[in-house]
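**Student:** After the structure tokens below, expect a handful of questions from me.
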Amino acid sequence: MEQGRQSMTIRSLDALALFYRIRIEDILIRAKALRGDPL
């Protein structure tokens, strides 16, 4: 995933959100912003 060869699954996103105690939506919003996509 880090090297762009594989996409994140919903399970991976859920695990990441639980680990960092943030909402999945916050991860997705940040990812869009980093890509330069409009929010």
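Letters A, B, ... go to the chains of the structure tokens in the order shown; residues in each chain start at 1; ligands are counted from 1 in the same order.
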Applying 12 Å and only C-alpha atoms, which residues near segment 1-14 of chain A remain after dropping the ones on its own chain fewer than 5 positions away? List them as JSON, numbers by chain.

**Tutor:** {"A": [19, 20, 21, 22, 23, 24, 25, 26, 27, 28, 31]}

**Student:** When DSSP works through the backbone of this structure, what residues of chain A end up as helix (DSSP H, G or I), shown as a PyMOL selection string?

**Tutor:** chain A and resi 10-20+24-35

**Student:** How would the residues just chosen look if you wrote them out with C-alpha atoms as a PDB file, in the first residue's frame?

**Tutor:**
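Saved file part-v2.pdb follows:
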```pdb
ATOM      1  CA  ILE A  10     -12.144  -1.040   4.196  1.00  0.00           C
ATOM      2  CA  ARG A  11     -10.759  -3.412   6.833  1.00  0.00           C
ATOM      3  CA  SER A  12      -7.345  -1.777   6.603  1.00  0.00           C
ATOM      4  CA  LEU A  13      -8.896   1.666   6.891  1.00  0.00           C
ATOM      5  CA  ASP A  14     -10.945   0.536   9.875  1.00  0.00           C
ATOM      6  CA  ALA A  15      -7.882  -0.913  11.607  1.00  0.00           C
ATOM      7  CA  LEU A  16      -5.905   2.270  10.955  1.00  0.00           C
ATOM      8  CA  ALA A  17      -8.714   4.454  12.270  1.00  0.00           C
ATOM      9  CA  LEU A  18      -9.075   2.339  15.392  1.00  0.00           C
ATOM     10  CA  PHE A  19      -5.328   2.362  16.009  1.00  0.00           C
ATOM     11  CA  TYR A  20      -5.084   6.155  15.743  1.00  0.00           C
ATOM     12  CA  ILE A  24     -12.288   6.763   8.675  1.00  0.00           C
ATOM     13  CA  GLU A  25     -13.745   9.892   7.094  1.00  0.00           C
ATOM     14  CA  ASP A  26     -10.816  11.905   8.440  1.00  0.00           C
ATOM     15  CA  ILE A  27      -8.365   9.541   6.745  1.00  0.00           C
ATOM     16  CA  LEU A  28     -10.215   9.823   3.437  1.00  0.00           C
ATOM     17  CA  ILE A  29     -10.489  13.614   3.627  1.00  0.00           C
ATOM     18  CA  ARG A  30      -6.756  13.907   4.324  1.00  0.00           C
ATOM     19  CA  ALA A  31      -5.906  11.524   1.465  1.00  0.00           C
ATOM     20  CA  LYS A  32      -7.996  13.586  -0.968  1.00  0.00           C
ATOM     21  CA  ALA A  33      -6.325  16.783   0.191  1.00  0.00           C
ATOM     22  CA  LEU A  34      -2.849  15.310  -0.277  1.00  0.00           C
ATOM     23  CA  ARG A  35      -3.741  14.266  -3.846  1.00  0.00           C
TER      24      ARG A  35
END
```
